[in-house]
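*Asks:* The file below is final.csv, CSV, C-alpha atoms:
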chain,number,residue,atom,x,y,z
A,1,MET,CA,115.0,-14.5,75.4
A,2,ALA,CA,116.5,-18.0,74.9
A,3,ASP,CA,119.3,-17.9,72.4
A,4,ARG,CA,118.1,-21.2,70.9
A,5,VAL,CA,115.1,-23.5,71.5
A,6,THR,CA,115.1,-27.1,70.2
A,7,VAL,CA,112.1,-29.3,70.6
A,8,ILE,CA,112.9,-33.0,70.7
A,9,GLY,CA,110.3,-35.6,70.0
A,10,TRP,CA,110.9,-38.9,71.9
A,11,ASP,CA,109.3,-42.2,71.0
A,12,GLY,CA,111.4,-44.4,73.2
A,13,SER,CA,114.1,-45.1,70.6
A,14,PRO,CA,117.7,-43.9,71.0
A,15,LEU,CA,118.2,-40.2,70.5
A,16,THR,CA,119.4,-39.0,67.2
A,17,SER,CA,122.7,-37.3,66.7
A,18,ALA,CA,120.9,-34.0,66.2
A,19,ALA,CA,119.0,-34.5,69.5
A,20,ARG,CA,122.2,-35.4,71.4
A,21,SER,CA,124.0,-32.4,70.0
A,22,ALA,CA,121.2,-30.0,71.1
A,23,LEU,CA,121.1,-31.6,74.6
A,24,SER,CA,124.8,-31.3,75.1
A,25,ALA,CA,124.7,-27.5,74.7
A,26,ALA,CA,121.5,-27.0,76.7
A,27,THR,CA,121.4,-24.8,79.8
A,28,LEU,CA,117.7,-25.5,80.3
A,29,VAL,CA,115.8,-28.7,79.7
A,30,ALA,CA,112.0,-29.0,80.0
A,31,GLY,CA,110.0,-32.2,79.8
A,32,ALA,CA,108.1,-34.8,81.7
A,33,ALA,CA,109.7,-36.8,84.5
A,34,HIS,CA,110.8,-39.6,82.2
A,35,HIS,CA,112.4,-37.2,79.8
A,36,LEU,CA,114.4,-35.4,82.5
A,37,ALA,CA,115.6,-38.8,83.7
A,38,LEU,CA,117.4,-39.6,80.4
A,39,PRO,CA,121.1,-39.9,80.9
A,40,GLU,CA,121.8,-37.5,78.0
A,41,VAL,CA,120.3,-34.5,80.0
A,42,PRO,CA,123.3,-32.4,81.2
A,43,PRO,CA,123.5,-32.5,85.0
A,44,THR,CA,124.2,-28.8,85.1
A,45,ALA,CA,121.2,-27.7,83.1
A,46,GLU,CA,118.2,-26.1,84.7
A,47,ARG,CA,115.3,-28.5,84.7
A,48,ILE,CA,111.6,-27.7,84.2
A,49,ARG,CA,108.9,-30.3,84.8
A,50,LEU,CA,106.3,-29.7,82.2
A,51,GLY,CA,102.8,-29.0,83.6
A,52,SER,CA,101.3,-25.8,82.3
A,53,LEU,CA,102.7,-25.4,78.8
A,54,GLY,CA,102.0,-21.6,78.9
A,55,LEU,CA,104.0,-21.2,82.1
A,56,ALA,CA,106.9,-23.3,80.8
A,57,ALA,CA,106.9,-21.2,77.6
A,58,ARG,CA,107.2,-18.0,79.6
A,59,ARG,CA,110.1,-19.3,81.6
A,60,ILE,CA,111.8,-20.5,78.4
A,61,ALA,CA,111.3,-17.1,76.8
A,62,GLY,CA,112.9,-15.4,79.8
A,63,HIS,CA,115.9,-17.8,79.9
A,64,ARG,CA,119.3,-16.5,78.7
A,65,GLY,CA,120.9,-19.5,77.2
A,66,THR,CA,120.1,-22.6,75.1
A,67,ALA,CA,116.8,-24.5,75.8
A,68,VAL,CA,115.6,-27.9,74.9
A,69,VAL,CA,112.0,-29.0,75.3
A,70,PHE,CA,111.1,-32.7,75.3
A,71,ALA,CA,107.8,-34.1,74.1
A,72,ASP,CA,106.4,-37.6,73.5
A,73,GLY,CA,106.1,-38.5,69.9
A,74,ASP,CA,106.0,-35.9,67.2
A,75,PRO,CA,105.9,-32.5,69.0
A,76,GLY,CA,104.3,-30.8,66.0
A,77,PHE,CA,101.3,-33.2,66.1
A,78,PHE,CA,98.9,-31.9,68.9
A,79,GLY,CA,102.1,-31.0,70.7
A,80,VAL,CA,104.2,-28.3,72.3
A,81,VAL,CA,105.4,-26.6,69.1
A,82,ARG,CA,102.1,-24.7,68.7
A,83,THR,CA,102.3,-23.3,72.2
A,84,LEU,CA,106.0,-22.3,71.9
A,85,ARG,CA,105.4,-20.6,68.6
A,86,ALA,CA,102.5,-18.5,69.9
A,87,PRO,CA,103.0,-14.8,69.2
A,88,GLU,CA,103.0,-13.9,72.9
A,89,HIS,CA,106.1,-15.9,73.6
A,90,GLY,CA,108.1,-14.8,70.5
A,91,LEU,CA,110.0,-18.1,70.2
A,92,GLU,CA,111.6,-19.5,67.1
A,93,VAL,CA,112.1,-23.2,67.5
A,94,GLU,CA,114.0,-26.0,65.8
A,95,VAL,CA,112.2,-29.4,65.8
A,96,VAL,CA,113.6,-32.9,66.0
A,97,PRO,CA,110.6,-35.0,65.3
A,98,ALA,CA,109.8,-38.6,66.3
A,99,VAL,CA,107.1,-41.1,65.5
A,100,SER,CA,103.8,-39.7,66.8
A,101,SER,CA,102.0,-41.5,69.6
A,102,VAL,CA,99.0,-42.1,67.2
A,103,ALA,CA,101.2,-43.7,64.5
A,104,ALA,CA,102.9,-45.8,67.2
A,105,ALA,CA,99.5,-46.9,68.6
A,106,PHE,CA,98.2,-48.0,65.2
A,107,ALA,CA,101.5,-49.8,64.5
A,108,ARG,CA,101.2,-51.8,67.7
A,109,ALA,CA,97.6,-52.6,66.7
A,110,GLY,CA,98.8,-53.6,63.1
A,111,MET,CA,96.1,-51.3,61.6
A,112,PRO,CA,96.1,-48.6,58.9
A,113,TRP,CA,95.1,-45.2,60.2
A,114,ASP,CA,94.7,-42.9,57.2
A,115,ASP,CA,90.9,-43.4,57.6
A,116,ALA,CA,90.9,-42.6,61.3
A,117,GLN,CA,89.7,-39.5,63.1
A,118,VAL,CA,92.2,-38.2,65.6
A,119,VAL,CA,91.0,-36.2,68.7
A,120,VAL,CA,92.5,-34.8,71.9
A,121,ALA,CA,90.5,-35.4,75.1
A,122,HIS,CA,90.9,-33.1,78.0
A,123,PRO,CA,88.2,-32.8,80.7
A,124,ARG,CA,86.8,-29.8,78.9
A,125,THR,CA,86.7,-31.5,75.5
A,126,LEU,CA,85.9,-35.1,76.6
A,127,ARG,CA,82.2,-35.0,75.7
A,128,ARG,CA,83.0,-33.8,72.1
A,129,ALA,CA,85.7,-36.5,71.8
A,130,VAL,CA,83.1,-39.1,72.8
A,131,ASN,CA,80.7,-37.8,70.2
A,132,VAL,CA,83.3,-38.3,67.5
A,133,CYS,CA,83.7,-41.9,68.8
A,134,ARG,CA,79.9,-42.3,68.5
A,135,ALA,CA,79.9,-41.0,64.9
A,136,HIS,CA,82.9,-42.7,63.4
A,137,PRO,CA,84.1,-46.3,63.1
A,138,LYS,CA,87.8,-45.6,63.8
A,139,VAL,CA,89.0,-42.9,66.2
A,140,ALA,CA,92.3,-42.3,67.9
A,141,VAL,CA,92.0,-40.5,71.2
A,142,LEU,CA,95.0,-38.8,72.7
A,143,THR,CA,94.0,-38.8,76.4
A,144,SER,CA,94.9,-36.8,79.5
A,145,PRO,CA,94.3,-37.2,83.2
A,146,GLY,CA,90.6,-37.1,83.9
A,147,ALA,CA,89.8,-37.9,80.3
A,148,GLY,CA,91.2,-41.4,79.8
A,149,PRO,CA,89.9,-44.8,78.7
A,150,ALA,CA,87.6,-45.2,81.8
A,151,GLU,CA,85.9,-41.8,81.2
A,152,LEU,CA,85.5,-42.5,77.5
A,153,ALA,CA,83.8,-45.8,78.3
A,154,LEU,CA,81.5,-44.2,80.9
A,155,LEU,CA,80.2,-41.6,78.5
A,156,LEU,CA,79.8,-44.2,75.7
A,157,ASP,CA,77.3,-46.0,77.9
A,158,GLY,CA,74.9,-48.0,75.6
A,159,VAL,CA,77.2,-47.7,72.5
A,160,HIS,CA,79.4,-50.8,71.9
A,161,ARG,CA,82.9,-50.2,70.8
A,162,THR,CA,86.3,-52.0,71.0
A,163,PHE,CA,89.1,-50.2,72.8
A,164,VAL,CA,92.8,-50.7,72.0
A,165,VAL,CA,94.5,-49.0,74.9
A,166,CYS,CA,98.2,-48.2,74.5
A,167,GLU,CA,99.8,-47.2,77.8
A,168,GLU,CA,103.2,-45.5,78.2
A,169,LEU,CA,104.2,-46.0,74.5
A,170,GLY,CA,107.9,-46.1,73.9
A,171,THR,CA,108.9,-46.9,77.5
A,172,ASP,CA,109.9,-50.1,79.1
A,173,ARG,CA,106.4,-50.2,80.7
A,174,GLU,CA,104.6,-50.1,77.4
A,175,GLN,CA,101.4,-52.2,77.4
A,176,VAL,CA,98.7,-52.7,74.8
A,177,SER,CA,95.3,-54.0,75.9
A,178,VAL,CA,92.3,-54.9,73.7
A,179,LEU,CA,88.9,-55.0,75.4
A,180,THR,CA,85.3,-54.0,74.9
A,181,SER,CA,84.2,-50.5,76.0
A,182,ASP,CA,81.9,-51.8,78.7
A,183,LYS,CA,85.0,-53.3,80.4
A,184,ALA,CA,87.3,-50.3,80.2
A,185,ALA,CA,85.7,-48.4,83.1
A,186,ASP,CA,86.7,-51.2,85.5
A,187,HIS,CA,90.4,-50.7,85.0
A,188,SER,CA,93.0,-48.2,86.2
A,189,TRP,CA,95.1,-46.9,83.3
A,190,ARG,CA,98.6,-45.4,83.2
A,191,ASP,CA,99.3,-42.1,81.5
A,192,PRO,CA,100.1,-41.2,78.9
A,193,ASN,CA,98.0,-43.4,76.7
A,194,VAL,CA,96.3,-43.5,73.4
A,195,VAL,CA,93.0,-45.2,72.9
A,196,ILE,CA,92.0,-46.5,69.5
A,197,VAL,CA,88.2,-46.8,69.4
A,198,ILE,CA,86.8,-49.1,66.8
A,199,GLY,CA,83.3,-50.3,65.9
A,200,GLY,CA,79.9,-49.3,64.8
A,201,ALA,CA,77.5,-50.2,62.0
A,202,GLY,CA,79.0,-48.1,59.2
A,203,GLN,CA,80.2,-49.5,55.9
A,204,ALA,CA,83.2,-51.9,56.1
A,205,PRO,CA,86.5,-50.4,55.1
A,206,ALA,CA,87.3,-50.7,51.4
A,207,ALA,CA,90.3,-52.5,50.1
A,208,ASP,CA,91.2,-49.5,47.9
A,209,PRO,CA,93.2,-46.7,49.7
A,210,GLY,CA,91.5,-43.4,50.3
A,211,TRP,CA,93.0,-40.0,49.4
A,212,LEU,CA,92.0,-37.8,52.3
A,213,LEU,CA,93.1,-38.3,55.9
A,214,GLY,CA,90.2,-39.3,58.2
A,215,GLN,CA,87.9,-40.3,55.3
A,216,SER,CA,87.1,-43.9,54.3
A,217,ALA,CA,87.2,-44.8,50.7
A,218,ALA,CA,84.0,-46.8,51.4
A,219,HIS,CA,82.0,-43.7,52.1
A,220,SER,CA,78.8,-43.5,50.1
A,221,ALA,CA,79.2,-41.9,46.7
A,222,ASP,CA,75.8,-40.4,46.9
A,223,ARG,CA,75.9,-36.6,46.7
A,224,GLY,CA,73.7,-34.1,48.5
A,225,TRP,CA,71.5,-34.2,51.5
A,226,ALA,CA,67.8,-33.7,52.3
A,227,ARG,CA,67.0,-35.6,49.2
A,228,PRO,CA,63.4,-36.7,48.4
A,229,GLN,CA,62.4,-39.7,50.5
A,230,THR,CA,61.5,-43.0,48.8
A,231,GLY,CA,59.2,-45.6,50.3
A,232,GLU,CA,57.4,-44.7,53.6
A,233,ALA,CA,56.6,-41.1,54.1
A,234,GLU,CA,58.2,-39.0,56.8
A,235,GLY,CA,55.0,-37.6,58.1
A,236,GLU,CA,52.6,-34.7,57.4
A,237,GLY,CA,54.4,-31.6,56.1
A,238,GLU,CA,57.9,-33.2,56.2
A,239,SER,CA,59.1,-32.6,52.7
A,240,ALA,CA,62.7,-32.8,51.6
A,241,LEU,CA,62.8,-29.0,51.4
A,242,LEU,CA,61.7,-28.8,55.0
A,243,HIS,CA,64.5,-31.1,56.0
A,244,ALA,CA,67.0,-28.9,54.1
A,245,ALA,CA,65.8,-25.9,56.0
A,246,GLN,CA,65.9,-27.7,59.3
A,247,LEU,CA,69.5,-29.0,58.7
A,248,ALA,CA,70.6,-25.4,57.7
A,249,ARG,CA,69.3,-24.1,61.1
A,250,LEU,CA,70.7,-27.0,63.1
A,251,GLY,CA,74.2,-26.8,61.6
A,252,PRO,CA,75.4,-30.2,62.8
A,253,ARG,CA,79.1,-30.7,62.8
A,254,THR,CA,81.9,-33.0,64.0
A,255,GLY,CA,81.9,-33.2,67.8
A,256,ASP,CA,78.2,-32.4,68.2
A,257,LEU,CA,75.5,-34.8,69.5
A,258,VAL,CA,72.2,-34.4,67.6
A,259,TRP,CA,68.9,-35.6,68.9
A,260,ASP,CA,66.3,-36.3,66.2
A,261,ILE,CA,63.1,-36.8,68.0
A,262,GLY,CA,60.3,-38.3,65.9
A,263,THR,CA,62.8,-39.3,63.3
A,264,GLY,CA,60.4,-41.1,61.0
A,265,SER,CA,62.4,-42.9,58.3
A,266,GLY,CA,65.6,-41.1,59.5
A,267,GLY,CA,66.2,-38.6,56.7
A,268,VAL,CA,67.4,-35.8,58.9
A,269,ALA,CA,69.2,-38.2,61.3
A,270,VAL,CA,71.2,-39.8,58.5
A,271,ASP,CA,72.0,-36.5,56.9
A,272,ALA,CA,73.3,-35.1,60.2
A,273,ALA,CA,75.5,-38.2,60.6
A,274,ALA,CA,76.8,-37.7,57.1
A,275,LEU,CA,77.8,-34.2,58.1
A,276,GLY,CA,80.0,-35.6,60.9
A,277,ALA,CA,77.8,-35.3,63.9
A,278,ALA,CA,76.9,-38.1,66.4
A,279,VAL,CA,73.2,-38.8,66.2
A,280,ILE,CA,70.6,-40.3,68.5
A,281,ALA,CA,67.4,-41.0,66.5
A,282,VAL,CA,64.2,-41.4,68.7
A,283,ASP,CA,60.9,-42.8,67.5
A,284,ALA,CA,58.1,-44.9,69.0
A,285,ALA,CA,56.6,-46.1,65.7
A,286,PRO,CA,56.6,-49.8,64.8
A,287,GLY,CA,59.3,-50.6,62.3
A,288,ALA,CA,61.1,-47.3,62.8
A,289,ARG,CA,64.3,-48.9,64.0
A,290,GLU,CA,64.6,-51.1,60.9
A,291,ARG,CA,63.9,-48.2,58.5
A,292,VAL,CA,66.4,-45.9,60.2
A,293,THR,CA,69.2,-48.4,60.5
A,294,ALA,CA,68.7,-49.5,56.9
A,295,ALA,CA,69.0,-45.9,55.8
A,296,ALA,CA,72.1,-45.3,57.8
A,297,ARG,CA,73.7,-48.5,56.5
A,298,GLN,CA,72.9,-47.5,52.9
A,299,ARG,CA,74.5,-44.1,53.4
A,300,GLY,CA,77.5,-45.5,55.2
A,301,VAL,CA,77.0,-43.7,58.5
A,302,GLN,CA,76.3,-44.8,62.0
A,303,LEU,CA,73.9,-43.5,64.5
A,304,GLN,CA,72.1,-44.8,67.7
A,305,PHE,CA,68.4,-45.5,67.6
A,306,VAL,CA,66.3,-45.3,70.8
A,307,ALA,CA,62.8,-46.7,70.7
A,308,GLY,CA,60.3,-44.8,72.9
A,309,ARG,CA,58.0,-41.9,73.2
A,310,ALA,CA,59.2,-38.4,74.1
A,311,PRO,CA,59.5,-36.7,76.5
A,312,HIS,CA,59.9,-39.7,78.9
A,313,VAL,CA,62.5,-41.5,76.8
A,314,LEU,CA,64.7,-38.4,76.8
A,315,GLU,CA,65.5,-38.5,80.5
A,316,ASN,CA,68.5,-40.8,80.3
A,317,LEU,CA,70.0,-39.6,77.0
A,318,PRO,CA,73.4,-37.8,77.0
A,319,GLU,CA,73.3,-34.1,76.7
A,320,PRO,CA,72.6,-32.8,73.2
A,321,ASP,CA,74.2,-29.9,71.3
A,322,VAL,CA,71.4,-29.5,68.7
A,323,VAL,CA,67.9,-31.0,68.6
A,324,ARG,CA,65.3,-31.5,65.9
A,325,VAL,CA,61.8,-32.1,67.3
A,326,GLY,CA,59.9,-33.8,64.5
A,327,GLY,CA,56.9,-34.7,66.7
A,328,GLY,CA,55.3,-34.2,70.1
A,329,GLY,CA,54.6,-30.5,69.9
A,330,ALA,CA,55.1,-28.0,72.7
A,331,GLU,CA,55.4,-30.6,75.5
A,332,VAL,CA,58.4,-32.3,73.9
A,333,VAL,CA,59.9,-28.9,73.0
A,334,ALA,CA,59.7,-27.9,76.6
A,335,ALA,CA,61.4,-31.0,77.8
A,336,VAL,CA,64.2,-30.5,75.2
A,337,ALA,CA,64.6,-26.8,76.2
A,338,ASP,CA,65.1,-27.9,79.8
A,339,ARG,CA,68.3,-29.6,78.7
A,340,ARG,CA,69.6,-26.4,77.2
A,341,PRO,CA,71.0,-27.4,73.8
A,342,GLU,CA,72.5,-24.7,71.7
A,343,ARG,CA,69.9,-25.0,69.0
A,344,ILE,CA,66.4,-26.4,68.7
A,345,VAL,CA,64.4,-26.8,65.5
A,346,SER,CA,60.8,-27.8,65.2
A,347,HIS,CA,57.8,-27.4,62.9
A,348,ALA,CA,54.1,-27.1,63.1
A,349,SER,CA,51.2,-27.6,60.7
A,350,THR,CA,49.0,-24.9,62.3
A,351,ARG,CA,49.6,-21.4,63.5
A,352,ASP,CA,48.2,-22.2,66.9
A,353,GLU,CA,50.7,-25.0,67.3
A,354,ALA,CA,53.5,-22.9,66.1
A,355,GLU,CA,52.6,-20.1,68.6
A,356,ALA,CA,52.5,-22.7,71.4
A,357,ILE,CA,56.0,-24.0,70.5
A,358,GLY,CA,57.4,-20.5,70.1
A,359,ARG,CA,56.0,-19.4,73.4
A,360,VAL,CA,57.6,-22.4,75.2
A,361,LEU,CA,61.0,-21.6,73.6
A,362,THR,CA,60.8,-17.9,74.5
A,363,GLU,CA,59.9,-18.7,78.1
A,364,HIS,CA,63.0,-20.9,78.2
A,365,GLY,CA,65.2,-17.9,77.2
A,366,TYR,CA,65.8,-18.9,73.5
A,367,ASP,CA,65.9,-16.5,70.6
A,368,VAL,CA,63.2,-17.7,68.2
A,369,GLU,CA,62.5,-17.2,64.5
A,370,CYS,CA,59.6,-18.6,62.6
A,371,ALA,CA,58.9,-18.9,58.9
A,372,LEU,CA,56.0,-20.2,56.9
A,373,LEU,CA,57.4,-22.6,54.3
A,374,GLN,CA,55.4,-23.6,51.2
A,375,ALA,CA,56.7,-26.2,48.7
A,376,VAL,CA,55.1,-27.3,45.6
A,377,GLY,CA,56.5,-30.2,43.7
A,378,LEU,CA,56.3,-30.1,39.9
A,379,ASP,CA,56.6,-32.7,37.2
A,380,PRO,CA,59.3,-31.3,34.9
A,381,ARG,CA,57.8,-33.1,31.9
A,382,THR,CA,54.3,-31.4,32.2
A,383,TRP,CA,54.9,-28.9,34.9
A,384,ALA,CA,51.8,-30.3,36.6
A,385,GLU,CA,51.6,-30.0,40.4
A,386,GLN,CA,52.6,-33.2,42.1
A,387,ASP,CA,52.4,-32.4,45.8
A,388,ARG,CA,52.1,-29.4,48.1
A,389,SER,CA,53.3,-28.9,51.7
A,390,VAL,CA,52.7,-25.9,54.0
A,391,VAL,CA,54.4,-25.8,57.3
A,392,PHE,CA,55.6,-23.4,60.0
A,393,LEU,CA,59.4,-23.8,60.7
A,394,LEU,CA,60.6,-22.7,64.1
A,395,ALA,CA,64.3,-22.3,64.9
A,396,ALA,CA,65.6,-21.4,68.3
A,397,GLN,CA,69.1,-20.5,69.5
A,398,ARG,CA,70.3,-20.2,73.0
A,399,PRO,CA,71.8,-16.7,73.6
A,400,VAL,CA,75.5,-16.6,73.8
A,401,THR,CA,76.7,-15.6,77.3
A,402,ARG,CA,79.8,-13.5,77.5
In structure tokens, how does this file's structure come out?
*Replies:*
Amino acid sequence: MADRVTVIGWDGSPLTSAARSALSAATLVAGAAHHLALPEVPPTAERIRLGSLGLAARRIAGHRGTAVVFADGDPGFFGVVRTLRAPEHGLEVEVVPAVSSVAAAFARAGMPWDDAQVVVAHPRTLRRAVNVCRAHPKVAVLTSPGAGPAELALLLDGVHRTFVVCEELGTDREQVSVLTSDKAADHSWRDPNVVIVIGGAGQAPAADPGWLLGQSAAHSADRGWARPQTGEAEGEGESALLHAAQLARLGPRTGDLVWDIGTGSGGVAVDAAALGAAVIAVDAAPGARERVTAAARQRGVQLQFVAGRAPHVLENLPEPDVVRVGGGGAEVVAAVADRRPERIVSHASTRDEAEAIGRVLTEHGYDVECALLQAVGLDPRTWAEQDRSVVFLLAAQRPVTR
């Protein structure tokens, strides 16, 4: 095992005395090509070009001597420290930090970033990173080859955002470009880069500072979700309590894309967005767009509205993680199930309709549960009955493959 492992963060500025001291004693140095080319790297040290962090960690663990590992920015922020400290390698490390790439990118843009979401995009996580960009007005994306600005822009098709692309931060080739997302796919970008994704129709940032990283102080002060609707009704049987049950079965979360088909006035869609998910609300009713966007604006969240009638309008939508089918019956449920989301929730006003929906879901290989929900609203002053709803709730989950 290595006698000593020092991880040095590098942001392009001159190395600190602690970093130079660790380098002078190093018998192994690992890093990217531009790290290994630094003049302070001892010419006699073994050099490892970082590719697979796991493979490099195993070689460092088997090294007899003193090792130094370079990383861009702060190596403890989505960096190599986590891999090196993994139990299977048994390495204890000392860290010499630097300014993180995210902090440097926002500094170049002259923007605060305590209200920003920060995500890492690899080819396997790119879709979830894009969903965060759909759902939040300010996101920093740490990119990788195959999951860079062009790929982000292509998957954001139809959603307008502004990109601040920071290429090769800290090097003499550093470049910052500001452009709209529809133009980003036409460029070739140099790695490594950070993309700040800005925009959307949420509330404007407040002048007062927030208190929690990644949360805007302007977020709605309203508490709770699945609250009783005011104004135009959601539709037959769609009470606030039904919405609560549907949300509980959907479980929308950050990184998910939710389809809300037959969104009505957008109650479920807005609540799902408030829980951190990206949302596409679908409805063909006149005036639905205005109602839904007004509800989202009032709640301080953003979502995408698509006008049209399912199932035809669903064909060009990006792949969903969870779906609520608020209208259209078994035909729409079948079209949704063909796209294989993790969860599907629907409801029916009659047993025959519920059986038809359940049969479609079962035939598509989903595990299905059904419950009969009855809600009776009462006036707490007189305890007189105000309204009553009876509905069949169907929730389906795609079996986990192991």
*Asks:* Select, from A:His312, A:Arg85, A:Arg359, A:Arg299, the residue with the minimum atom-to-atom distance to Ala284 of chain A, counting all atoms listed in the file.
*Replies:*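 Distance minimum relative to Ala284 of chain A lands on A:His312.
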*Asks:* Fewer than 5 positions away in the same chain doesn't count, so skip those; otherwise give me all residues within 12 Å of Arg227 of chain A, counting only C-alpha atoms, as a compact mmCIF listing (two decimals) with C-alpha atoms, in the coordinates of the input.
*Replies:*
# COMPACT_ATOMS: atom_id res chain seq x y z
CA ASP A 222 75.80 -40.40 46.90
CA GLU A 238 57.90 -33.20 56.20
CA SER A 239 59.10 -32.60 52.70
CA ALA A 240 62.70 -32.80 51.60
CA LEU A 241 62.80 -29.00 51.40
CA LEU A 242 61.70 -28.80 55.00
CA HIS A 243 64.50 -31.10 56.00
CA ALA A 244 67.00 -28.90 54.10
CA ALA A 245 65.80 -25.90 56.00
CA LEU A 247 69.50 -29.00 58.70
CA GLY A 266 65.60 -41.10 59.50
CA GLY A 267 66.20 -38.60 56.70
CA VAL A 268 67.40 -35.80 58.90
CA VAL A 270 71.20 -39.80 58.50
CA ASP A 271 72.00 -36.50 56.90
*Asks:* Env of segment 330-340 of chain A: 12 Å cut, atoms = all atoms listed in the file, seq-sep filter 4 positions within chain, self excluded. Answer as a PyMOL selection string.
*Replies:* chain A and resi 258-262+282+309-326+344-348+352-367+394-400
*Asks:* Write a file of the just-selected residues containing C-alpha atoms, as a compact mmCIF listing (two decimals), in the coordinates of the input.
*Replies:*
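Listed below is the output, selection_16.txt:
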# COMPACT_ATOMS: atom_id res chain seq x y z
CA VAL A 258 72.20 -34.40 67.60
CA TRP A 259 68.90 -35.60 68.90
CA ASP A 260 66.30 -36.30 66.20
CA ILE A 261 63.10 -36.80 68.00
CA GLY A 262 60.30 -38.30 65.90
CA VAL A 282 64.20 -41.40 68.70
CA ARG A 309 58.00 -41.90 73.20
CA ALA A 310 59.20 -38.40 74.10
CA PRO A 311 59.50 -36.70 76.50
CA HIS A 312 59.90 -39.70 78.90
CA VAL A 313 62.50 -41.50 76.80
CA LEU A 314 64.70 -38.40 76.80
CA GLU A 315 65.50 -38.50 80.50
CA ASN A 316 68.50 -40.80 80.30
CA LEU A 317 70.00 -39.60 77.00
CA PRO A 318 73.40 -37.80 77.00
CA GLU A 319 73.30 -34.10 76.70
CA PRO A 320 72.60 -32.80 73.20
CA ASP A 321 74.20 -29.90 71.30
CA VAL A 322 71.40 -29.50 68.70
CA VAL A 323 67.90 -31.00 68.60
CA ARG A 324 65.30 -31.50 65.90
CA VAL A 325 61.80 -32.10 67.30
CA GLY A 326 59.90 -33.80 64.50
CA ILE A 344 66.40 -26.40 68.70
CA VAL A 345 64.40 -26.80 65.50
CA SER A 346 60.80 -27.80 65.20
CA HIS A 347 57.80 -27.40 62.90
CA ALA A 348 54.10 -27.10 63.10
CA ASP A 352 48.20 -22.20 66.90
CA GLU A 353 50.70 -25.00 67.30
CA ALA A 354 53.50 -22.90 66.10
CA GLU A 355 52.60 -20.10 68.60
CA ALA A 356 52.50 -22.70 71.40
CA ILE A 357 56.00 -24.00 70.50
CA GLY A 358 57.40 -20.50 70.10
CA ARG A 359 56.00 -19.40 73.40
CA VAL A 360 57.60 -22.40 75.20
CA LEU A 361 61.00 -21.60 73.60
CA THR A 362 60.80 -17.90 74.50
CA GLU A 363 59.90 -18.70 78.10
CA HIS A 364 63.00 -20.90 78.20
CA GLY A 365 65.20 -17.90 77.20
CA TYR A 366 65.80 -18.90 73.50
CA ASP A 367 65.90 -16.50 70.60
CA LEU A 394 60.60 -22.70 64.10
CA ALA A 395 64.30 -22.30 64.90
CA ALA A 396 65.60 -21.40 68.30
CA GLN A 397 69.10 -20.50 69.50
CA ARG A 398 70.30 -20.20 73.00
CA PRO A 399 71.80 -16.70 73.60
CA VAL A 400 75.50 -16.60 73.80
*Asks:* So which one's closest to Ala116 of chain A, A:Leu213, A:Leu156, A:Ala103, A:Val80? Using all atoms listed in the file, please.
*Replies:*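 Result for the nearest residue to Ala116 of chain A: A:Leu213.
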*Asks:* Counting all atoms listed in the file, which of A:Thr162, A:Glu167, A:Ser144, A:Thr6 gets nearest to Pro97 of chain A?
*Replies:*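 Comparing A:Thr162, A:Glu167, A:Ser144, A:Thr6 against Pro97 of chain A, the winner is A:Thr6.
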*Asks:* Within 12 Å of Gly51 of chain A, counting only C-alpha atoms, which residues qualify if same-chain residues fewer than 6 places away don't, as a PyMOL selection string?
*Replies:* chain A and resi 30-33+57+71+80+144-145
*Asks:* Take the residues from that selection and put them in a file with C-alpha atoms, as a tab-separated table (two decimals), in the frame of the given file.
*Replies:*
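As written to disk, again27.tsv reads:
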chain	number	residue	atom	x	y	z
A	30	ALA	CA	112.00	-29.00	80.00
A	31	GLY	CA	110.00	-32.20	79.80
A	32	ALA	CA	108.10	-34.80	81.70
A	33	ALA	CA	109.70	-36.80	84.50
A	57	ALA	CA	106.90	-21.20	77.60
A	71	ALA	CA	107.80	-34.10	74.10
A	80	VAL	CA	104.20	-28.30	72.30
A	144	SER	CA	94.90	-36.80	79.50
A	145	PRO	CA	94.30	-37.20	83.20
